[in-house]
Amino acid sequence: MQAMQKKYNAIMTGNEAVAVGAKLARVGFISAYPITPQTTIVEKLAEMVSNREIQARYVEVESEHSALAATFASELAGVRSYTATSSHGLLYMHEMLHWTAGMRLPVVMSVVNRALGPPWNIWTEQTDTMNQKETGWMQVYCESNQEALDTILMGYRIAESNDVMLPIMSMEDAFVLSHTSEPVNIPEQDEVDAFLPSLDLKYRIDNNRPMGYGSYSTPDGPFMELKVDMMESMKNSRQTINRVTSEFRDAFGRDYSGMIEKYAMDDADYALIASGTLASTGKYVVKKMRESGKKVGLIRLRFFRPFPDREIVDATRGLKGVGVLDRSVSFSASGSVVSEVKSALYGNSSIPVTGFVAGLGGRDVRVEDFYKMFDYIEKGKTGKYYIGWKEAQ
Amino acid sequence: MPFSIPEQELMEPGHTACHGCGATLSMRYVLKALGKDTVISVPAACWAVIPGAMPNRTLDVPMVYTPFAATGAVISGLREAFDIQGKEDFNVVGFAGDGGTADIGLQSLSGAMERGHNVFYFMYDNEGYMNTGVQRSGSTPYGAITTTTPIGKDRNFKKQNKKVVADLMMAQGVPYVATATIAYPEDLIRKVNNAKKINGPKFIQILSPCPVGWYFPPEKSIEVSRLAVQSGIFPLYEFQNGVLKVTKQPRPVSVREYLSMQNRFRSLDEDDIKKIEKYAEERMEYLIGKEKETQSS
Ligand SMILES: Cc1ncc(C[n+]2csc(CCOP(=O)(O)OP(=O)(O)O)c2C)c(N)n1
């Protein structure tokens with residue numbers, strides 16, 4: 001049974017919301033290194049720790065590599081652990097990202113999506129996380145501060161499920177969410193406790209059962225089997241994601257509908273696939289176009305890992321054209337998201353796919369840009385188009 | 001003097017280390033001193049390979065393998081997690097090579113020591129990147145031929161002095177710092193026992209000769225280790241509560257004798273050897289000066 005939609009009881013930035021999420025998840029260990037625009041998350045958590053609002057150890061490390069190394073270690077010792085970063089900090093963690101996922105540790109991390117230099121740029125873009133797509137972490141792109149808070153709670157449930165056991169990164173757009181206040185409902189601690197039991201890591205370090213954690217494997221050893229198991233767990237995690245998202249809806253009254261969110265898709269002829277806060281602007285334009293009789297819709301990618309391939313095939317069935325919005329730099333023929341969409345559709349659909357690259361380095365993607373994108377989609381233009389790009393004079 | 005090395009064995013036979021490996025003995029002694037309530041974290045290094053391939057192990061304590069640069073941070077996380085769980089008496093140990101300590105891991109080591117976690121960090125110093133085939137590290141001494149400081153046409157060798165991480169740790173004010181080597185196991189065990197008494201970060205650098213990388217016969221490991229101390233090349237000291245003590249006085253064994261036992265020093269001419277002698281003398285003077293200064297204050 002679905003709970004009533006809860007009333008908003010706070011106004012807060014996305015970064016405060018994820019800090020509250022970590023607190024409600026009763027994380028026992030936090031380690032992080034500051035980087036704009038993540039800083040207010042870790043400042044908030046440090047404050048909560050020193051005010052004893054949260055029973056956690058906070059370790060102020062000297063780099064992001066160390067932040068995730070310390071988080072990895074405490075998780076392996078059996079303590080629910082949390083970290084947060086952005087942009088260059090995430091790149092600096094890259095090696096530890098693989099190590100954390102490879103050891104099947106259900107860490108949850110908040111990432112504020114920010115562009116990569118050079119030139120230095122602190123505004124939003126998804127290249128930082130798109131670069132991490134093969135690290136074995138699940139990826140969720142949030143659209144609101146409420147979703148950012150709730151994803152921490154759902155994230156630990158999903159990651160810690162026995163049939164998943166993979167870490168998860170939850171994204172907020174720099175500034176648009178991280179530093180912008182929105183009304184939020186903060187759930188009660190006892191409701192969260194009922195939804196999210198404490199961590200019981202089966203293979204945590206135990207000196208009565210000495211083991212080597214992550215030693216080495218020869219080509220004929222278990223290496224390939226371990227990697228295949230990770231890939232299969234990632235693929236199959238959609239079942240857990242769907243189950244946990246609906247349990248969350250039942251408990252808290254907020255429905256995130258699993259891997260993707262469909263907006264005005266029922267009888268749509270044309271649709272745009274987008275993620276993060278660009279999806280919000282997209283929805284606004286869809287609403288306006290619907291008012292003038294255009295049958296358009298929007299598919300919001302929540303999860304990028306696992307990639308919602310079947311969900312996209314289903315959601316685009318019957319469309320006359322689909323566009324994909326990439327807010328990242330990719331040197332593939334198309335773009336990070338659009339190439340995954342095309343590979344999902346291959347053999348299942350023959351609709352034209354239009355690729356858009358927009359909003360790099362935080363450049364505004366305006367309402368009129370969305371009209372333009374829908375125009376291209378309707379015209380059946382395939383290929384890759386830069387939107388909002390000022391052609392060199 | 002009664003035999004003071006604990007009988008307890010926490011390292012099983014069947015590991016895959018090379019003959020005469022000093023690093024293996026270092027681990028064995030450290031574990032004898034620490035006992036079974038211990039977790040060991042090792043980065044990429046010979047010690048990541050010595051226990052054998054999955055699912056084999058050679059230690060009777062949990063062992064956490066980590067990326068090369070991560071040791072300091074990993075032991076920080078482990079320490080805090082065990083404390084949260086009420087396991088304050090659990091020994092949390094980083095056990096890393098000289099490359100993983102002096103070079104790529106120096107930042108996370110320094111961070112962990114500065115934050116003051118109650119951890120042990122052992123640097124087994126075989127003076128080079130041995131696991132990857134004897135490349136130079138910051139801890140390789142002046143004069144050594146390695147595969148990245150090859151002899152070439154100009155009788156080449158490493159031209160820079162050893163970066164002595166124990167000295168850095170002392171300068172950083174780490175509460176317990178010591179140097180040790182496998183030729184003096186009782187001294188090593190005593191130092192680990194002293195370190196145990198300190199609730200805070202502890203750093204011990206153990207010179208661990210490597211027959212393969214230093215080019216000497218494997219049966220000479222202990223002898224090379226002993227001569228390193230007796231010639232004054234690798235002084236043994238202990239620094240606690242701000243006081244330095246040189247724990248083994250060098251005997252009159254010549255630096256030349258130490259160098260000539262190892263083929264890695266075969267490029268050296270008379271002037272180079274004199275330079276090394278001078279370096280050893282100056283370092284000893286520095287330590288003795290520091291001993292006087294810290295003991296009198
Ligand atoms: C980030 C990274 N860079 C390089 C390597 C390759 N590597 C593995 S072990 C090693 C040398 C280790 O040297 P040291 O720390 O002195 O330990 P030893 O092998 O001598 O025991 C290197 C360079 C690695 N594993 N990770």
# chains A, B, ... in the order shown; residues from 1 in each chain; ligands from 1
>>> residues_near_ligand(ligand="ligand 1", cutoff="9 Å", atoms="only C-alpha atoms and all ligand atoms", output="ChimeraX atom specification")
/A:95 /B:23,43-49,67-69,96-105,123-137,139,210,213
>>> residues_around(residues="Asp267 of chain A", least_positions_apart="3", cutoff="9 Å", atoms="only C-alpha atoms", output="PyMOL selection string")
chain A and resi 264+295-297+318-319
>>> closest_residue(among="B:Asn194, B:Glu186, B:Ala180, B:Glu270", to="Val229 of chain B", atoms="only C-alpha atoms")
B:Ala180
>>> interface_residues(of="chain A", to="chain B", cutoff="6 Å", atoms="only C-alpha atoms", output="ChimeraX atom specification")
/A:62,66,69-70,73-74,207,210-217
>>> closest_residue(among="A:Glu191, A:Asp128, A:Asp229, A:Asp220", to="Met165 of chain A", atoms="only C-alpha atoms")
A:Asp229
>>> atom_distance(atom1="atom CA of Val111 of chain A", atom2="atom CA of Ile54 of chain A")
21.1 Å
>>> closest_atom_pairs(of="segment 300-339 of chain A", to="segment 350-368 of chain A", cutoff="10 Å", atoms="only C-alpha atoms", output="JSON lines")
{"residue": "A:Thr316", "atom": "CA", "partner": "A:Ile351", "partner_atom": "CA", "distance": 8.5}
{"residue": "A:Arg317", "atom": "CA", "partner": "A:Ile351", "partner_atom": "CA", "distance": 8.7}
{"residue": "A:Gly318", "atom": "CA", "partner": "A:Ile351", "partner_atom": "CA", "distance": 8.6}
{"residue": "A:Leu319", "atom": "CA", "partner": "A:Ile351", "partner_atom": "CA", "distance": 7.0}
{"residue": "A:Lys320", "atom": "CA", "partner": "A:Ile351", "partner_atom": "CA", "distance": 6.0}
{"residue": "A:Gly321", "atom": "CA", "partner": "A:Pro352", "partner_atom": "CA", "distance": 5.2}
{"residue": "A:Val322", "atom": "CA", "partner": "A:Val353", "partner_atom": "CA", "distance": 5.1}
{"residue": "A:Gly323", "atom": "CA", "partner": "A:Thr354", "partner_atom": "CA", "distance": 4.5}
{"residue": "A:Val324", "atom": "CA", "partner": "A:Gly355", "partner_atom": "CA", "distance": 5.1}
{"residue": "A:Leu325", "atom": "CA", "partner": "A:Phe356", "partner_atom": "CA", "distance": 4.8}
{"residue": "A:Asp326", "atom": "CA", "partner": "A:Val357", "partner_atom": "CA", "distance": 4.9}
{"residue": "A:Arg327", "atom": "CA", "partner": "A:Ala358", "partner_atom": "CA", "distance": 5.4}
{"residue": "A:Ser328", "atom": "CA", "partner": "A:Leu360", "partner_atom": "CA", "distance": 6.4}
{"residue": "A:Val329", "atom": "CA", "partner": "A:Leu360", "partner_atom": "CA", "distance": 7.7}
{"residue": "A:Ser330", "atom": "CA", "partner": "A:Val357", "partner_atom": "CA", "distance": 9.4}
{"residue": "A:Ser334", "atom": "CA", "partner": "A:Gly355", "partner_atom": "CA", "distance": 6.6}
{"residue": "A:Gly335", "atom": "CA", "partner": "A:Gly355", "partner_atom": "CA", "distance": 7.3}
{"residue": "A:Ser336", "atom": "CA", "partner": "A:Val357", "partner_atom": "CA", "distance": 9.9}
{"residue": "A:Val337", "atom": "CA", "partner": "A:Gly355", "partner_atom": "CA", "distance": 8.9}
{"residue": "A:Val338", "atom": "CA", "partner": "A:Gly355", "partner_atom": "CA", "distance": 6.1}
{"residue": "A:Ser339", "atom": "CA", "partner": "A:Gly355", "partner_atom": "CA", "distance": 8.8}
>>> residues_around(residues="Thr179 of chain B", least_positions_apart="3", cutoff="9 Å", atoms="only C-alpha atoms", output="PDB file with N, CA, C and O atoms, in the first residue's frame")
ATOM      1  N   ALA B 166      62.420   7.008   7.850  1.00  0.00           N
ATOM      2  CA  ALA B 166      62.365   7.086   9.322  1.00  0.00           C
ATOM      3  C   ALA B 166      62.757   8.486   9.795  1.00  0.00           C
ATOM      4  O   ALA B 166      62.153   9.029  10.724  1.00  0.00           O
ATOM      5  N   LEU B 188      64.686  -6.016  16.930  1.00  0.00           N
ATOM      6  CA  LEU B 188      63.450  -5.743  16.181  1.00  0.00           C
ATOM      7  C   LEU B 188      62.225  -6.032  17.058  1.00  0.00           C
ATOM      8  O   LEU B 188      61.308  -5.211  17.169  1.00  0.00           O
ATOM      9  N   LYS B 191      61.709  -3.561  19.760  1.00  0.00           N
ATOM     10  CA  LYS B 191      61.171  -2.297  19.247  1.00  0.00           C
ATOM     11  C   LYS B 191      59.665  -2.406  18.989  1.00  0.00           C
ATOM     12  O   LYS B 191      58.907  -1.482  19.298  1.00  0.00           O
ATOM     13  N   PHE B 203      56.076   3.991  13.549  1.00  0.00           N
ATOM     14  CA  PHE B 203      56.709   3.737  12.246  1.00  0.00           C
ATOM     15  C   PHE B 203      58.025   3.017  12.455  1.00  0.00           C
ATOM     16  O   PHE B 203      58.895   3.506  13.183  1.00  0.00           O
ATOM     17  N   ILE B 204      58.165   1.867  11.837  1.00  0.00           N
ATOM     18  CA  ILE B 204      59.438   1.137  11.941  1.00  0.00           C
ATOM     19  C   ILE B 204      59.926   0.774  10.536  1.00  0.00           C
ATOM     20  O   ILE B 204      59.195   0.169   9.750  1.00  0.00           O
ATOM     21  N   GLN B 205      61.137   1.182  10.250  1.00  0.00           N
ATOM     22  CA  GLN B 205      61.750   0.892   8.951  1.00  0.00           C
ATOM     23  C   GLN B 205      62.703  -0.276   9.120  1.00  0.00           C
ATOM     24  O   GLN B 205      63.664  -0.182   9.890  1.00  0.00           O
ATOM     25  N   ILE B 206      62.416  -1.369   8.420  1.00  0.00           N
ATOM     26  CA  ILE B 206      63.226  -2.582   8.584  1.00  0.00           C
ATOM     27  C   ILE B 206      64.037  -2.831   7.318  1.00  0.00           C
ATOM     28  O   ILE B 206      63.475  -3.151   6.261  1.00  0.00           O
ATOM     29  N   LEU B 207      65.339  -2.681   7.432  1.00  0.00           N
ATOM     30  CA  LEU B 207      66.185  -2.984   6.270  1.00  0.00           C
ATOM     31  C   LEU B 207      66.074  -4.478   5.976  1.00  0.00           C
ATOM     32  O   LEU B 207      66.340  -5.317   6.841  1.00  0.00           O
ATOM     33  N   PHE B 234      73.521   1.664   7.694  1.00  0.00           N
ATOM     34  CA  PHE B 234      72.122   1.677   8.127  1.00  0.00           C
ATOM     35  C   PHE B 234      72.079   1.672   9.655  1.00  0.00           C
ATOM     36  O   PHE B 234      71.943   0.629  10.290  1.00  0.00           O
ATOM     37  N   PRO B 235      72.207   2.840  10.294  1.00  0.00           N
ATOM     38  CA  PRO B 235      72.228   2.893  11.755  1.00  0.00           C
ATOM     39  C   PRO B 235      70.875   2.477  12.342  1.00  0.00           C
ATOM     40  O   PRO B 235      69.823   2.800  11.784  1.00  0.00           O
ATOM     41  N   LEU B 236      70.952   1.768  13.445  1.00  0.00           N
ATOM     42  CA  LEU B 236      69.714   1.376  14.128  1.00  0.00           C
ATOM     43  C   LEU B 236      69.439   2.374  15.245  1.00  0.00           C
ATOM     44  O   LEU B 236      70.310   2.662  16.057  1.00  0.00           O
ATOM     45  N   TYR B 237      68.240   2.889  15.258  1.00  0.00           N
ATOM     46  CA  TYR B 237      67.893   3.829  16.319  1.00  0.00           C
ATOM     47  C   TYR B 237      66.451   3.680  16.732  1.00  0.00           C
ATOM     48  O   TYR B 237      65.656   2.973  16.090  1.00  0.00           O
ATOM     49  N   GLU B 238      66.121   4.352  17.792  1.00  0.00           N
ATOM     50  CA  GLU B 238      64.755   4.331  18.315  1.00  0.00           C
ATOM     51  C   GLU B 238      64.447   5.747  18.778  1.00  0.00           C
ATOM     52  O   GLU B 238      65.273   6.379  19.452  1.00  0.00           O
TER      53      GLU B 238
END
>>> select_by_dssp(residues="segment 116-243 of chain B", states="helix (DSSP H, G or I)", output="PDB file with N, CA, C and O atoms, in the first residue's frame")
ATOM      1  N   VAL B 165      63.127   7.421   5.189  1.00  0.00           N
ATOM      2  CA  VAL B 165      61.768   7.779   5.608  1.00  0.00           C
ATOM      3  C   VAL B 165      61.667   7.860   7.134  1.00  0.00           C
ATOM      4  O   VAL B 165      60.957   8.714   7.666  1.00  0.00           O
ATOM      5  N   ALA B 166      62.420   7.008   7.850  1.00  0.00           N
ATOM      6  CA  ALA B 166      62.365   7.086   9.322  1.00  0.00           C
ATOM      7  C   ALA B 166      62.757   8.486   9.795  1.00  0.00           C
ATOM      8  O   ALA B 166      62.153   9.029  10.724  1.00  0.00           O
ATOM      9  N   ASP B 167      63.764   9.084   9.142  1.00  0.00           N
ATOM     10  CA  ASP B 167      64.168  10.442   9.524  1.00  0.00           C
ATOM     11  C   ASP B 167      63.040  11.443   9.255  1.00  0.00           C
ATOM     12  O   ASP B 167      62.809  12.365  10.042  1.00  0.00           O
ATOM     13  N   LEU B 168      62.348  11.238   8.141  1.00  0.00           N
ATOM     14  CA  LEU B 168      61.208  12.121   7.834  1.00  0.00           C
ATOM     15  C   LEU B 168      60.141  11.992   8.911  1.00  0.00           C
ATOM     16  O   LEU B 168      59.543  12.980   9.345  1.00  0.00           O
ATOM     17  N   MET B 169      59.900  10.767   9.321  1.00  0.00           N
ATOM     18  CA  MET B 169      58.859  10.519  10.328  1.00  0.00           C
ATOM     19  C   MET B 169      59.248  11.169  11.663  1.00  0.00           C
ATOM     20  O   MET B 169      58.412  11.705  12.377  1.00  0.00           O
ATOM     21  N   MET B 170      60.536  11.107  11.966  1.00  0.00           N
ATOM     22  CA  MET B 170      61.018  11.759  13.185  1.00  0.00           C
ATOM     23  C   MET B 170      60.774  13.256  13.095  1.00  0.00           C
ATOM     24  O   MET B 170      60.271  13.884  14.026  1.00  0.00           O
ATOM     25  N   ALA B 171      61.123  13.806  11.929  1.00  0.00           N
ATOM     26  CA  ALA B 171      60.953  15.255  11.737  1.00  0.00           C
ATOM     27  C   ALA B 171      59.483  15.640  11.840  1.00  0.00           C
ATOM     28  O   ALA B 171      59.149  16.744  12.266  1.00  0.00           O
ATOM     29  N   PRO B 185      67.154  -9.779  15.270  1.00  0.00           N
ATOM     30  CA  PRO B 185      65.729 -10.029  15.522  1.00  0.00           C
ATOM     31  C   PRO B 185      65.291  -9.617  16.930  1.00  0.00           C
ATOM     32  O   PRO B 185      64.167  -9.156  17.104  1.00  0.00           O
ATOM     33  N   GLU B 186      66.183  -9.779  17.917  1.00  0.00           N
ATOM     34  CA  GLU B 186      65.766  -9.422  19.277  1.00  0.00           C
ATOM     35  C   GLU B 186      65.562  -7.919  19.402  1.00  0.00           C
ATOM     36  O   GLU B 186      64.618  -7.459  20.044  1.00  0.00           O
ATOM     37  N   ASP B 187      66.439  -7.184  18.745  1.00  0.00           N
ATOM     38  CA  ASP B 187      66.296  -5.725  18.715  1.00  0.00           C
ATOM     39  C   ASP B 187      64.979  -5.344  18.019  1.00  0.00           C
ATOM     40  O   ASP B 187      64.233  -4.487  18.495  1.00  0.00           O
ATOM     41  N   LEU B 188      64.686  -6.016  16.930  1.00  0.00           N
ATOM     42  CA  LEU B 188      63.450  -5.743  16.181  1.00  0.00           C
ATOM     43  C   LEU B 188      62.225  -6.032  17.058  1.00  0.00           C
ATOM     44  O   LEU B 188      61.308  -5.211  17.169  1.00  0.00           O
ATOM     45  N   ILE B 189      62.232  -7.188  17.694  1.00  0.00           N
ATOM     46  CA  ILE B 189      61.068  -7.575  18.518  1.00  0.00           C
ATOM     47  C   ILE B 189      60.915  -6.623  19.703  1.00  0.00           C
ATOM     48  O   ILE B 189      59.795  -6.216  20.047  1.00  0.00           O
ATOM     49  N   ARG B 190      62.030  -6.254  20.293  1.00  0.00           N
ATOM     50  CA  ARG B 190      61.962  -5.310  21.413  1.00  0.00           C
ATOM     51  C   ARG B 190      61.343  -3.981  20.951  1.00  0.00           C
ATOM     52  O   ARG B 190      60.520  -3.386  21.643  1.00  0.00           O
ATOM     53  N   LYS B 191      61.709  -3.561  19.760  1.00  0.00           N
ATOM     54  CA  LYS B 191      61.171  -2.297  19.247  1.00  0.00           C
ATOM     55  C   LYS B 191      59.665  -2.406  18.989  1.00  0.00           C
ATOM     56  O   LYS B 191      58.907  -1.482  19.298  1.00  0.00           O
ATOM     57  N   VAL B 192      59.257  -3.533  18.428  1.00  0.00           N
ATOM     58  CA  VAL B 192      57.807  -3.695  18.206  1.00  0.00           C
ATOM     59  C   VAL B 192      57.095  -3.677  19.564  1.00  0.00           C
ATOM     60  O   VAL B 192      56.031  -3.060  19.714  1.00  0.00           O
ATOM     61  N   ASN B 193      57.683  -4.313  20.543  1.00  0.00           N
ATOM     62  CA  ASN B 193      57.061  -4.328  21.878  1.00  0.00           C
ATOM     63  C   ASN B 193      57.005  -2.927  22.482  1.00  0.00           C
ATOM     64  O   ASN B 193      56.008  -2.566  23.107  1.00  0.00           O
ATOM     65  N   ASN B 194      58.043  -2.156  22.298  1.00  0.00           N
ATOM     66  CA  ASN B 194      58.008  -0.770  22.782  1.00  0.00           C
ATOM     67  C   ASN B 194      56.939   0.030  22.045  1.00  0.00           C
ATOM     68  O   ASN B 194      56.212   0.825  22.644  1.00  0.00           O
ATOM     69  N   ALA B 195      56.880  -0.193  20.746  1.00  0.00           N
ATOM     70  CA  ALA B 195      55.889   0.530  19.930  1.00  0.00           C
ATOM     71  C   ALA B 195      54.480   0.227  20.416  1.00  0.00           C
ATOM     72  O   ALA B 195      53.626   1.107  20.489  1.00  0.00           O
ATOM     73  N   LYS B 196      54.258  -1.036  20.782  1.00  0.00           N
ATOM     74  CA  LYS B 196      52.933  -1.473  21.242  1.00  0.00           C
ATOM     75  C   LYS B 196      52.423  -0.639  22.407  1.00  0.00           C
ATOM     76  O   LYS B 196      51.224  -0.480  22.605  1.00  0.00           O
ATOM     77  N   PRO B 211      68.478 -10.523  -2.089  1.00  0.00           N
ATOM     78  CA  PRO B 211      69.567 -11.111  -2.871  1.00  0.00           C
ATOM     79  C   PRO B 211      69.397 -10.876  -4.370  1.00  0.00           C
ATOM     80  O   PRO B 211      70.385 -10.636  -5.074  1.00  0.00           O
ATOM     81  N   VAL B 212      68.159 -10.918  -4.832  1.00  0.00           N
ATOM     82  CA  VAL B 212      67.916 -10.796  -6.274  1.00  0.00           C
ATOM     83  C   VAL B 212      68.235  -9.391  -6.770  1.00  0.00           C
ATOM     84  O   VAL B 212      68.794  -9.208  -7.846  1.00  0.00           O
ATOM     85  N   GLY B 213      67.896  -8.405  -5.969  1.00  0.00           N
ATOM     86  CA  GLY B 213      68.041  -7.023  -6.422  1.00  0.00           C
ATOM     87  C   GLY B 213      69.344  -6.366  -6.002  1.00  0.00           C
ATOM     88  O   GLY B 213      69.716  -5.324  -6.550  1.00  0.00           O
ATOM     89  N   TRP B 214      69.994  -6.968  -5.017  1.00  0.00           N
ATOM     90  CA  TRP B 214      71.266  -6.390  -4.567  1.00  0.00           C
ATOM     91  C   TRP B 214      72.436  -7.202  -5.127  1.00  0.00           C
ATOM     92  O   TRP B 214      73.587  -6.858  -4.919  1.00  0.00           O
ATOM     93  N   PRO B 218      71.943 -15.829  -1.889  1.00  0.00           N
ATOM     94  CA  PRO B 218      70.855 -15.801  -0.913  1.00  0.00           C
ATOM     95  C   PRO B 218      71.268 -16.173   0.510  1.00  0.00           C
ATOM     96  O   PRO B 218      70.669 -15.672   1.464  1.00  0.00           O
ATOM     97  N   GLU B 219      72.306 -16.982   0.664  1.00  0.00           N
ATOM     98  CA  GLU B 219      72.695 -17.379   2.024  1.00  0.00           C
ATOM     99  C   GLU B 219      73.377 -16.233   2.776  1.00  0.00           C
ATOM    100  O   GLU B 219      73.683 -16.342   3.953  1.00  0.00           O
ATOM    101  N   LYS B 220      73.616 -15.124   2.093  1.00  0.00           N
ATOM    102  CA  LYS B 220      74.327 -14.000   2.728  1.00  0.00           C
ATOM    103  C   LYS B 220      73.387 -12.922   3.280  1.00  0.00           C
ATOM    104  O   LYS B 220      73.859 -11.872   3.735  1.00  0.00           O
ATOM    105  N   SER B 221      72.079 -13.139   3.224  1.00  0.00           N
ATOM    106  CA  SER B 221      71.144 -12.060   3.613  1.00  0.00           C
ATOM    107  C   SER B 221      71.397 -11.521   5.010  1.00  0.00           C
ATOM    108  O   SER B 221      71.415 -10.313   5.228  1.00  0.00           O
ATOM    109  N   ILE B 222      71.588 -12.439   5.966  1.00  0.00           N
ATOM    110  CA  ILE B 222      71.759 -11.986   7.345  1.00  0.00           C
ATOM    111  C   ILE B 222      73.092 -11.238   7.486  1.00  0.00           C
ATOM    112  O   ILE B 222      73.169 -10.197   8.132  1.00  0.00           O
ATOM    113  N   GLU B 223      74.097 -11.771   6.816  1.00  0.00           N
ATOM    114  CA  GLU B 223      75.414 -11.140   6.885  1.00  0.00           C
ATOM    115  C   GLU B 223      75.381  -9.725   6.293  1.00  0.00           C
ATOM    116  O   GLU B 223      75.913  -8.778   6.880  1.00  0.00           O
ATOM    117  N   VAL B 224      74.725  -9.585   5.157  1.00  0.00           N
ATOM    118  CA  VAL B 224      74.616  -8.262   4.529  1.00  0.00           C
ATOM    119  C   VAL B 224      73.855  -7.323   5.462  1.00  0.00           C
ATOM    120  O   VAL B 224      74.236  -6.163   5.663  1.00  0.00           O
ATOM    121  N   SER B 225      72.798  -7.844   6.053  1.00  0.00           N
ATOM    122  CA  SER B 225      71.985  -7.053   6.977  1.00  0.00           C
ATOM    123  C   SER B 225      72.841  -6.593   8.166  1.00  0.00           C
ATOM    124  O   SER B 225      72.797  -5.425   8.579  1.00  0.00           O
ATOM    125  N   ARG B 226      73.669  -7.512   8.686  1.00  0.00           N
ATOM    126  CA  ARG B 226      74.506  -7.175   9.842  1.00  0.00           C
ATOM    127  C   ARG B 226      75.560  -6.135   9.458  1.00  0.00           C
ATOM    128  O   ARG B 226      75.783  -5.155  10.169  1.00  0.00           O
ATOM    129  N   LEU B 227      76.193  -6.351   8.292  1.00  0.00           N
ATOM    130  CA  LEU B 227      77.242  -5.411   7.882  1.00  0.00           C
ATOM    131  C   LEU B 227      76.687  -4.022   7.591  1.00  0.00           C
ATOM    132  O   LEU B 227      77.380  -3.021   7.785  1.00  0.00           O
ATOM    133  N   ALA B 228      75.443  -3.962   7.155  1.00  0.00           N
ATOM    134  CA  ALA B 228      74.829  -2.651   6.908  1.00  0.00           C
ATOM    135  C   ALA B 228      74.830  -1.832   8.192  1.00  0.00           C
ATOM    136  O   ALA B 228      75.075  -0.620   8.182  1.00  0.00           O
ATOM    137  N   VAL B 229      74.607  -2.515   9.312  1.00  0.00           N
ATOM    138  CA  VAL B 229      74.597  -1.818  10.604  1.00  0.00           C
ATOM    139  C   VAL B 229      76.024  -1.572  11.078  1.00  0.00           C
ATOM    140  O   VAL B 229      76.388  -0.455  11.464  1.00  0.00           O
ATOM    141  N   GLN B 230      76.837  -2.609  11.004  1.00  0.00           N
ATOM    142  CA  GLN B 230      78.192  -2.502  11.558  1.00  0.00           C
ATOM    143  C   GLN B 230      79.070  -1.510  10.805  1.00  0.00           C
ATOM    144  O   GLN B 230      79.977  -0.913  11.371  1.00  0.00           O
TER     145      GLN B 230
END
>>> residues_around(residues="Thr13 of chain A", least_positions_apart="5", cutoff="12 Å", atoms="only C-alpha atoms", output="list in words")
Val18, Ala19, Val20, Pro37, Gln38, Thr40, Ile41, Lys44, Ser144, Asn145, Gln146, Glu147, Ala148, Leu149, Glu172, Asp173, Ala174, Phe175, Val176, Leu177, Ser178, His179, Thr180, Ser181, Glu182, Pro183 and Val184 of chain A
>>> residues_around(residues="segment 21-26 of chain A", least_positions_apart="5", cutoff="12 Å", atoms="only C-alpha atoms", output="NGL selection string")
:A and (14-16 or 41-42 or 44-49 or 52-57 or 79-84 or 107-110 or 145-157 or 170 or 184-199)
>>> select_by_dssp(residues="segment 109-315 of chain A", states="strand (DSSP E)", output="number ranges by chain")
A: 109-113, 138-141, 168-173, 181-184, 212-213, 260-263, 270-275, 296-301, 303-305
>>> atom_distance(atom1="atom CA of Gly22 of chain B", atom2="atom CA of Pro209 of chain B")
5.0 Å
>>> decode(residues="segment 106-128 of chain A", atoms="C-alpha atoms", output="compact mmCIF listing (two decimals), in the first residue's frame")
# COMPACT_ATOMS: atom_id res chain seq x y z
CA PRO A 106 28.40 -1.60 -0.73
CA VAL A 107 29.68 1.93 -0.19
CA VAL A 108 27.42 4.86 -1.06
CA MET A 109 29.07 8.02 -2.36
CA SER A 110 27.59 11.36 -3.33
CA VAL A 111 29.05 12.97 -6.41
CA VAL A 112 28.36 16.54 -7.41
CA ASN A 113 28.66 16.55 -11.19
CA ARG A 114 31.19 19.18 -12.21
CA ALA A 115 33.21 19.81 -15.36
CA LEU A 116 36.83 18.69 -15.77
CA GLY A 117 39.67 21.04 -16.64
CA PRO A 118 41.44 22.43 -18.41
CA PRO A 119 40.30 25.14 -18.32
CA TRP A 120 39.22 25.02 -14.69
CA ASN A 121 35.47 25.10 -14.41
CA ILE A 122 33.37 24.45 -11.31
CA TRP A 123 29.98 24.30 -13.05
CA THR A 124 27.90 21.29 -13.83
CA GLU A 125 28.61 18.63 -16.43
CA GLN A 126 28.62 14.85 -16.32
CA THR A 127 31.99 14.01 -17.82
CA ASP A 128 33.42 13.25 -14.37
